[in-house]
Structure formats: C-alpha cells, structure tokens
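Raw upload34.csv, CSV, C-alpha atoms and all ligand atoms:
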```
chain,number,residue,atom,x,y,z
A,1,MET,CA,77.9,123.1,105.2
A,2,LYS,CA,81.0,121.2,104.0
A,3,PRO,CA,83.9,123.4,103.1
A,4,ARG,CA,85.7,123.4,99.8
A,5,ILE,CA,89.3,122.5,100.9
A,6,GLY,CA,92.7,123.1,99.2
A,7,ILE,CA,95.8,121.4,100.4
A,8,ALA,CA,99.2,123.1,100.3
A,9,GLY,CA,101.8,120.4,100.4
A,10,ILE,CA,99.6,117.9,98.6
A,11,THR,CA,102.6,115.9,97.3
A,12,GLY,CA,104.1,115.4,100.7
A,13,ARG,CA,103.6,112.7,103.4
A,14,MET,CA,100.9,114.8,105.2
A,15,GLY,CA,99.4,115.8,101.9
A,16,ALA,CA,98.6,112.1,101.0
A,17,CYS,CA,96.9,111.6,104.4
A,18,LEU,CA,95.0,114.9,104.0
A,19,ARG,CA,93.7,113.8,100.6
A,20,ARG,CA,92.3,110.6,102.1
A,21,GLU,CA,90.8,112.4,105.1
A,22,VAL,CA,89.1,115.1,103.1
A,23,ALA,CA,87.5,112.3,100.9
A,24,ALA,CA,86.4,110.4,104.0
A,25,THR,CA,84.5,113.4,105.4
A,26,GLY,CA,82.7,114.1,102.1
A,27,ALA,CA,84.1,117.6,101.8
A,28,GLU,CA,85.1,118.8,98.4
A,29,LEU,CA,88.8,118.8,97.5
A,30,ALA,CA,89.6,121.8,95.2
A,31,GLY,CA,93.1,120.5,94.7
A,32,GLY,CA,96.5,121.4,95.9
A,33,ILE,CA,100.1,122.7,95.4
A,34,GLY,CA,103.5,121.2,96.0
A,35,ARG,CA,106.8,123.0,95.9
A,36,PRO,CA,107.3,125.0,92.7
A,37,GLY,CA,107.7,122.6,89.8
A,38,SER,CA,106.3,119.6,91.6
A,39,ALA,CA,102.9,118.1,90.8
A,40,GLY,CA,99.7,119.8,92.1
A,41,GLU,CA,96.5,121.1,90.5
A,42,PHE,CA,97.3,124.8,90.9
A,43,ALA,CA,100.3,127.0,90.0
A,44,ASP,CA,100.7,128.7,93.3
A,45,ILE,CA,99.2,129.5,96.7
A,46,ALA,CA,97.2,132.5,95.3
A,47,ALA,CA,95.6,130.4,92.5
A,48,LEU,CA,94.7,127.7,95.1
A,49,ALA,CA,93.4,130.2,97.7
A,50,ALA,CA,91.1,131.8,95.1
A,51,GLU,CA,89.2,128.4,94.6
A,52,CYS,CA,88.8,127.4,98.2
A,53,ASP,CA,86.9,128.2,101.4
A,54,VAL,CA,89.9,127.0,103.5
A,55,VAL,CA,93.5,126.0,102.7
A,56,ILE,CA,95.1,123.3,104.9
A,57,ASP,CA,98.9,123.9,104.8
A,58,PHE,CA,101.6,121.3,105.7
A,59,THR,CA,104.6,122.5,103.7
A,60,HIS,CA,107.9,124.1,104.7
A,61,ALA,CA,108.8,126.8,107.2
A,62,SER,CA,110.1,129.0,104.3
A,63,THR,CA,106.6,129.3,102.9
A,64,VAL,CA,104.7,130.7,105.9
A,65,ALA,CA,105.2,134.4,105.4
A,66,ALA,CA,104.3,134.3,101.7
A,67,HIS,CA,101.3,132.1,102.4
A,68,ALA,CA,100.1,134.5,105.1
A,69,VAL,CA,100.0,137.3,102.6
A,70,ALA,CA,98.3,135.3,99.8
A,71,LEU,CA,95.6,133.8,102.0
A,72,ALA,CA,94.8,137.1,103.7
A,73,GLY,CA,94.6,138.7,100.2
A,74,ALA,CA,92.2,136.0,99.0
A,75,LYS,CA,90.1,136.1,102.3
A,76,THR,CA,90.5,132.3,102.5
A,77,ALA,CA,90.7,130.6,105.9
A,78,TRP,CA,94.0,129.0,106.8
A,79,ILE,CA,94.8,125.8,108.7
A,80,LEU,CA,98.5,126.1,109.4
A,81,GLY,CA,100.2,122.8,110.3
A,82,THR,CA,103.7,123.6,109.0
A,83,THR,CA,106.3,123.7,111.8
A,84,GLY,CA,109.8,125.1,112.4
A,85,TYR,CA,109.1,128.6,111.3
A,86,ASP,CA,110.8,131.7,112.8
A,87,ALA,CA,109.5,134.7,114.7
A,88,ALA,CA,109.0,136.8,111.6
A,89,ALA,CA,106.9,134.1,110.0
A,90,ALA,CA,104.9,133.7,113.2
A,91,HIS,CA,104.3,137.5,113.1
A,92,ALA,CA,103.1,137.2,109.5
A,93,ALA,CA,100.7,134.4,110.5
A,94,ALA,CA,99.4,136.6,113.4
A,95,THR,CA,98.9,139.5,111.1
A,96,ALA,CA,96.9,137.3,108.7
A,97,GLY,CA,94.8,136.5,111.7
A,98,GLY,CA,93.6,140.1,111.7
A,99,VAL,CA,92.0,139.5,108.3
A,100,ILE,CA,91.1,135.8,108.1
A,101,PRO,CA,90.5,133.0,110.6
A,102,VAL,CA,93.8,131.1,111.1
A,103,VAL,CA,94.1,127.9,113.1
A,104,ALA,CA,97.8,127.3,113.8
A,105,ALA,CA,99.0,124.2,115.7
A,106,ALA,CA,102.3,122.5,116.0
A,107,ASN,CA,100.3,119.3,116.4
A,108,PHE,CA,96.7,118.6,115.3
A,109,SER,CA,96.3,115.4,117.3
A,110,PRO,CA,93.5,115.6,120.0
A,111,GLY,CA,95.7,113.5,122.3
A,112,VAL,CA,98.6,115.9,122.1
A,113,ASN,CA,96.5,118.9,122.7
A,114,LEU,CA,95.1,117.3,125.9
A,115,VAL,CA,98.7,116.5,126.9
A,116,LEU,CA,99.5,120.2,126.4
A,117,ALA,CA,96.6,121.3,128.7
A,118,LEU,CA,97.7,118.8,131.3
A,119,ALA,CA,101.3,119.8,131.1
A,120,GLU,CA,100.4,123.4,131.9
A,121,ARG,CA,98.4,122.3,134.9
A,122,MET,CA,101.2,120.0,136.2
A,123,ALA,CA,103.8,122.7,135.8
A,124,ALA,CA,101.6,125.1,137.8
A,125,ALA,CA,101.3,122.5,140.6
A,126,LEU,CA,104.9,121.2,140.8
A,127,PRO,CA,107.4,123.9,141.9
A,128,ALA,CA,110.3,124.5,139.5
A,129,SER,CA,112.7,124.5,142.4
A,130,ALA,CA,111.9,120.8,143.2
A,131,TYR,CA,110.7,119.3,139.9
A,132,ASP,CA,113.1,119.2,136.8
A,133,ALA,CA,111.1,119.4,133.5
A,134,GLU,CA,112.7,117.5,130.6
A,135,ILE,CA,111.2,116.8,127.2
A,136,VAL,CA,112.3,114.0,124.9
A,137,GLU,CA,111.1,113.5,121.3
A,138,MET,CA,111.8,111.0,118.6
A,139,HIS,CA,110.8,111.3,114.9
A,140,HIS,CA,111.4,109.8,111.5
A,141,ARG,CA,114.8,110.2,109.9
A,142,GLN,CA,113.6,112.8,107.3
A,143,LYS,CA,112.5,115.4,109.9
A,144,VAL,CA,114.4,118.7,109.3
A,145,ASP,CA,113.6,120.8,112.4
A,146,ALA,CA,114.6,120.1,116.0
A,147,PRO,CA,113.3,120.3,118.7
A,148,SER,CA,110.0,119.4,117.0
A,149,GLY,CA,107.2,122.0,117.0
A,150,THR,CA,105.3,119.7,119.4
A,151,ALA,CA,108.3,119.5,121.8
A,152,LEU,CA,108.5,123.3,121.8
A,153,ALA,CA,104.8,123.6,122.4
A,154,LEU,CA,105.2,121.3,125.4
A,155,GLY,CA,108.0,123.6,126.6
A,156,GLU,CA,105.7,126.6,126.2
A,157,ALA,CA,103.0,124.8,128.2
A,158,VAL,CA,105.4,124.1,131.1
A,159,ALA,CA,106.7,127.7,130.9
A,160,ALA,CA,103.1,129.1,130.9
A,161,GLY,CA,102.2,127.0,134.0
A,162,ARG,CA,105.3,128.3,135.7
A,163,GLY,CA,104.7,131.9,134.7
A,164,VAL,CA,108.0,132.3,132.8
A,165,GLU,CA,109.1,132.8,129.2
A,166,LEU,CA,110.4,129.6,127.6
A,167,ALA,CA,113.2,131.6,125.9
A,168,ASN,CA,114.7,132.4,129.3
A,169,VAL,CA,114.8,128.8,130.6
A,170,ILE,CA,115.1,126.7,127.5
A,171,VAL,CA,118.1,124.2,127.1
A,172,ARG,CA,117.7,122.9,123.6
A,173,ALA,CA,120.5,120.3,123.8
A,174,ARG,CA,123.4,119.4,126.0
A,175,ASP,CA,126.8,118.5,124.8
A,176,GLY,CA,130.2,118.5,126.5
A,177,HIS,CA,131.0,120.0,129.9
A,178,THR,CA,127.7,121.9,130.4
A,179,GLY,CA,127.8,122.1,134.2
A,180,ALA,CA,125.1,121.1,136.6
A,181,ARG,CA,121.4,121.6,135.9
A,182,ALA,CA,119.9,124.9,137.0
A,183,ASP,CA,116.6,125.1,138.8
A,184,GLY,CA,113.8,126.0,136.4
A,185,HIS,CA,115.5,125.0,133.2
A,186,ILE,CA,113.4,123.1,130.7
A,187,GLY,CA,115.6,120.6,128.9
A,188,PHE,CA,115.1,119.1,125.4
A,189,ALA,CA,116.6,116.0,123.7
A,190,SER,CA,115.7,115.2,120.0
A,191,LEU,CA,116.2,111.8,118.5
A,192,LEU,CA,115.8,110.7,114.9
A,193,GLY,CA,115.3,107.3,113.4
A,194,GLY,CA,113.4,105.0,111.1
A,195,GLN,CA,109.9,106.1,110.3
A,196,ILE,CA,108.6,107.1,113.8
A,197,VAL,CA,105.7,109.4,113.3
A,198,GLY,CA,106.1,111.3,116.5
A,199,ASN,CA,106.9,110.3,120.1
A,200,HIS,CA,107.0,112.9,122.9
A,201,SER,CA,107.5,112.6,126.6
A,202,LEU,CA,107.6,115.2,129.4
A,203,THR,CA,108.9,114.2,132.8
A,204,PHE,CA,108.9,116.2,136.0
A,205,THR,CA,111.6,114.6,138.2
A,206,ALA,CA,112.2,115.5,141.9
A,207,ALA,CA,114.4,113.9,144.5
A,208,THR,CA,111.7,111.5,145.6
A,209,GLU,CA,109.4,110.9,142.7
A,210,GLN,CA,108.9,111.3,138.9
A,211,ILE,CA,105.7,112.0,137.1
A,212,GLY,CA,105.4,112.1,133.3
A,213,LEU,CA,103.2,112.3,130.2
A,214,THR,CA,103.8,110.4,127.0
A,215,HIS,CA,102.2,110.6,123.6
A,216,LEU,CA,102.9,108.3,120.8
A,217,ALA,CA,101.5,109.0,117.3
A,218,PHE,CA,101.2,105.7,115.3
A,219,ASP,CA,99.8,107.2,112.1
A,220,ARG,CA,99.9,110.6,110.4
A,221,GLY,CA,96.2,110.2,109.9
A,222,VAL,CA,95.7,111.5,113.5
A,223,PHE,CA,97.1,114.9,112.4
A,224,ALA,CA,95.1,114.9,109.1
A,225,ALA,CA,91.9,114.1,110.9
A,226,GLY,CA,92.5,117.0,113.4
A,227,ALA,CA,93.4,119.4,110.6
A,228,VAL,CA,90.2,118.6,108.6
A,229,ARG,CA,88.2,118.9,111.8
A,230,ALA,CA,89.7,122.4,112.1
A,231,ALA,CA,88.7,123.1,108.5
A,232,PHE,CA,85.1,122.3,109.3
A,233,TRP,CA,85.2,124.3,112.6
A,234,VAL,CA,86.7,127.4,111.1
A,235,GLN,CA,83.9,128.0,108.7
A,236,GLY,CA,82.0,131.2,109.5
A,237,ARG,CA,84.4,132.2,112.3
A,238,PRO,CA,85.5,135.8,112.6
A,239,PRO,CA,89.2,136.7,111.8
A,240,GLY,CA,91.6,135.6,114.5
A,241,LEU,CA,94.5,133.4,115.4
A,242,TYR,CA,93.0,130.2,116.8
A,243,SER,CA,94.6,127.1,118.3
A,244,MET,CA,93.6,123.5,118.3
A,245,LYS,CA,92.5,124.0,121.9
A,246,ASP,CA,89.8,126.4,120.6
A,247,VAL,CA,88.7,123.7,118.0
A,248,LEU,CA,88.6,121.0,120.7
A,249,GLY,CA,87.0,123.3,123.3
A,250,LEU,CA,89.8,122.5,125.8
A,301,LIG,P1,107.0,116.4,103.2
A,301,LIG,O1,108.4,116.8,102.9
A,301,LIG,O2,106.6,115.0,103.0
A,301,LIG,O3,106.0,117.3,102.3
A,301,LIG,C1,106.2,118.7,102.2
A,301,LIG,C2,105.2,119.2,101.2
A,301,LIG,O4,105.4,120.6,101.1
A,301,LIG,C3,105.5,118.7,99.8
A,301,LIG,O5,104.2,118.6,99.1
A,301,LIG,C4,106.3,119.8,99.1
A,301,LIG,O6,106.2,119.8,97.7
A,301,LIG,C5,105.7,121.0,99.7
A,301,LIG,N1,106.6,122.2,99.7
A,301,LIG,C6,107.8,122.2,100.1
A,301,LIG,N2,108.4,123.5,99.9
A,301,LIG,C7,107.4,124.2,99.3
A,301,LIG,C8,107.2,125.5,98.8
A,301,LIG,N3,108.3,126.3,98.8
A,301,LIG,N4,106.1,125.9,98.3
A,301,LIG,C9,105.0,125.0,98.2
A,301,LIG,N5,105.0,123.8,98.7
A,301,LIG,C10,106.2,123.3,99.2
A,301,LIG,O7,106.7,116.9,104.7
A,301,LIG,P2,105.6,116.4,105.7
A,301,LIG,O8,106.1,115.3,106.6
A,301,LIG,O9,104.3,116.2,105.0
A,301,LIG,O10,105.5,117.6,106.7
A,301,LIG,C11,105.2,118.9,106.2
A,301,LIG,C12,105.2,119.9,107.3
A,301,LIG,O11,104.1,119.6,108.3
A,301,LIG,C13,106.5,120.0,108.1
A,301,LIG,O12,106.7,121.3,108.6
A,301,LIG,C14,106.1,119.1,109.4
A,301,LIG,O13,106.9,119.4,110.5
A,301,LIG,C15,104.7,119.5,109.6
A,301,LIG,N6,103.9,118.6,110.3
A,301,LIG,C16,103.0,119.1,111.2
A,301,LIG,C17,102.1,118.3,111.9
A,301,LIG,C18,101.1,119.0,112.8
A,301,LIG,O14,100.2,118.3,113.4
A,301,LIG,N7,101.1,120.3,112.9
A,301,LIG,C19,102.1,116.9,111.8
A,301,LIG,C20,103.0,116.4,110.8
A,301,LIG,C21,103.9,117.2,110.1
```
Could I get this file's structure written as structure tokens?
Ligand code: NAD
Amino acid sequence: MKPRIGIAGITGRMGACLRREVAATGAELAGGIGRPGSAGEFADIAALAAECDVVIDFTHASTVAAHAVALAGAKTAWILGTTGYDAAAAHAAATAGGVIPVVAAANFSPGVNLVLALAERMAAALPASAYDAEIVEMHHRQKVDAPSGTALALGEAVAAGRGVELANVIVRARDGHTGARADGHIGFASLLGGQIVGNHSLTFTAATEQIGLTHLAFDRGVFAAGAVRAAFWVQGRPPGLYSMKDVLGL
C-alpha cells in the first residue's frame, strides 16, 4: 500500500524535491509545514502528523526534540533527514523510536550509505598506526552546520571499524600551530561554496600508499528518492530507530 506522506520543511530546498518525488511514486501527499509563519498546508507538526501515515522531516536541528514528541504522540512514522542536531535531540529521537518506527539518516543517498559500509570495512583492515584517515567535504554556501552530518557519519564509520569512539579521536578543524598529527586521529575539513549539493571524500594515507572513497551528489533528488523509499519501507514496521542501511539491506 502507498503511504499518506506529510513533509516537514515543505517550503525548503529539500521540501521542493520531496514534493516532486512523492508525486512521482504515486503516493498521496497530505501536505506539509514550514517554519512558523511560512507557507504550508498545516499549522504545526501535530496537525500534520494527525493526517499522515509517515512524516518526512528535513527542517532544522532546533525542531528535532519537539518533532520527536509530536510524532510519537500521534503514532506517526518519522523519516528524519534533518542534520546538525545535538545529543539531547538525538536522545529524543531514540526515545520516539520506542513508540514509532523512525528512520534517521544524515544522508539518504544509496551511494553514500554504500560508502559508509565500505569505510567501516576499510578502517578495520587498515591499521590506524599506519593509515591516517582524513575527511573533506564541500557544500553550498547556505549550509549552516559543519562538519556535515554525512562527514560525521563517515567519521563514525571509520571509528566503528577501528573499535574506538569518534569523540576521542576527532579533529574537527586545524588552525594555527596545532602540532604534528597523532596516530589514530580522524581529521575533518569543511569547505563551502556556490551551490554544491554535497561532496565527500575519505582518504587513508600511509607512507607508501593512499586509498580513498569519494561521493559527489549532483542533485538533491537523490536524497528525496531515498527518503521516500524509506517512507514506503517503514510502513508496518515495529517501533525502532532504523538507519538507511536497514532500508537498503546493507
Ligand atoms: P532549507 O533551509 O532550504 O529548508 C528548511 C525548511 O525547514 C524550510 O521549509 C523551513 O521553513 C523549515 N523550517 C525551518 N525551521 C523550522 C521550524 N522551526 N519549524 C518547522 N519548519 C522549519 O534547508 P534544506 O537544504 O532543505 O535542508 C533541510 C535540512 O535537511 C538541513 O538540516 C540539511 O542539513 C538536511 N539535509 C539532509 C539530507 C539527508 O540526506 N539527510 C540531505 C540534504 C539536506
């Protein structure tokens, strides 16, 4: 059965792509919300959730905790694409996963999720003492959070492959006299410019070789297609916090 879908963030860049993607799949679009006061068919998240089987949410980090409560209250499934939220918001999303099915992903592209799976395997195979892991990302000039959620997910994948906590080895940026690189650190660099949808590269560099993975997103449609695929997949699932790896069977 095709789900009745609501879009939180319908007036945004992703919202426009999602509107097109929902129409292309033949699913029913119940409508959406933007930030308070902006256009949208519903007054707020609770009103939207009451009219949908699933809400696809690409809004702003500040909304996540409140959306978690509203969607759990309405028993409406949640596809969470918003990035840049803090640990308290992540906890709220996980708590909602005890009541409703939640698919949360920093990146809904199938290609990126394959890259994440490969990154973990590479990190497990390449010793941290010999291979320096560095992540570089570039995004459009309007992006407000850095490193990007996808870059951080890449870092998490490398840390998981190495059996360490990302928080203990992360170097989010380098500036000034930072000293030499320590073994095991995972370094990040974030660039902004123009209208780049999302470029990510992960390199493992040793004294004698370098190996890397690169993903370039050409069109936001790739995220919208993945999110709508998740909205179809989530129907009838038990409550839980799922990832795009679950949706893709990776
Ligand atoms: P955007 O600024 O173009 O759109 C944001 C949307 O959210 C707008 O509709 C805005 O009205 C709405 N919004 C903002 N604050 C709100 C609030 N308090 N309550 C309700 N609605 C609110 O941004 P975008 O480029 O569409 O990206 C939106 C989010 O999705 C960002 O967090 C971005 O990083 C993330 N993103 C995730 C993926 C992924 O695959 N997971 C891909 C692209 C973007």
* Could you pull out the residues sitting within 9 Å of ligand LIG 301 (chain A), using all atoms listed in the file, and write them as JSON, numbers by chain? => {"A": [7, 8, 9, 10, 11, 12, 13, 14, 15, 16, 17, 32, 33, 34, 35, 36, 37, 38, 39, 40, 44, 45, 57, 58, 59, 60, 61, 62, 63, 67, 80, 81, 82, 83, 84, 85, 104, 105, 106, 107, 108, 109, 142, 143, 144, 145, 148, 149, 150, 197, 198, 220, 222, 223, 224, 226, 227]}
* To do: Return the single residue from A:Gly176, A:Gly187, A:Gly98, A:Gly73 that is closest to A:Ala151, with distances computed using only C-alpha atoms.
  =>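 Among the listed residues, A:Gly187 lies closest to A:Ala151.
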* Coordinates-based distance that separates atom CA of A:Ile5 from atom CA of A:Ala65 (Å, one decimal) ->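 Computing the Euclidean distance for atom CA of A:Ala65 and atom CA of A:Ile5 yields 20.4 Å.
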* Counting all atoms listed in the file, the residue of A:Ala92, A:Met138, A:Val115, A:Ala87 that sits nearest A:Gly194 -> A:Met138
* Asked: In terms of the shortest atom-to-atom distance over only C-alpha atoms, which of A:Leu118, A:Ala23, A:Leu248, A:Ala46 is closest to A:Ala160?
  ->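 The answer is A:Leu118, which sits nearest to A:Ala160.
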* To do: Have a look at A:Ala77, A:Ile211, A:Val228, A:Ala130 and name the one nearest to A:Asp183; count all atoms listed in the file.
  =>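 Once distances to A:Asp183 are computed over all atoms listed in the file, the minimum belongs to A:Ala130.
For the point (114.5, 113.9, 128.1), the residues with an atom at a distance of at most 10 Å are Ala133, Glu134, Ile135, Val136, Glu137, Ala173, Ile186, Gly187, Phe188, Ala189, Ser190, Leu191, His200, Ser201, Leu202, Thr203 and Phe204 of chain A, counting all atoms listed in the file.
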* Option closest in space to A:Met244, from A:Ala47, A:Ala180, A:Leu29, A:Gly111 [counting only C-alpha atoms] ->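 Result for the nearest residue to A:Met244: A:Gly111.
Of note, atom CA of A:Ala96 and atom CA of A:Val164 are spaced 27.0 Å apart.
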* Asked: Could you state the separation of atom CA of A:His185 and atom CA of A:Val171 in Å, given to one decimal place?
  -> 6.7 Å
* Of the candidates A:Gly31, A:Gly240, A:Gly221, A:Gly249, which one gets nearest to A:Val99 if we count all atoms listed in the file? ->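 Ranking A:Gly31, A:Gly240, A:Gly221, A:Gly249 by distance to A:Val99, first place goes to A:Gly240.
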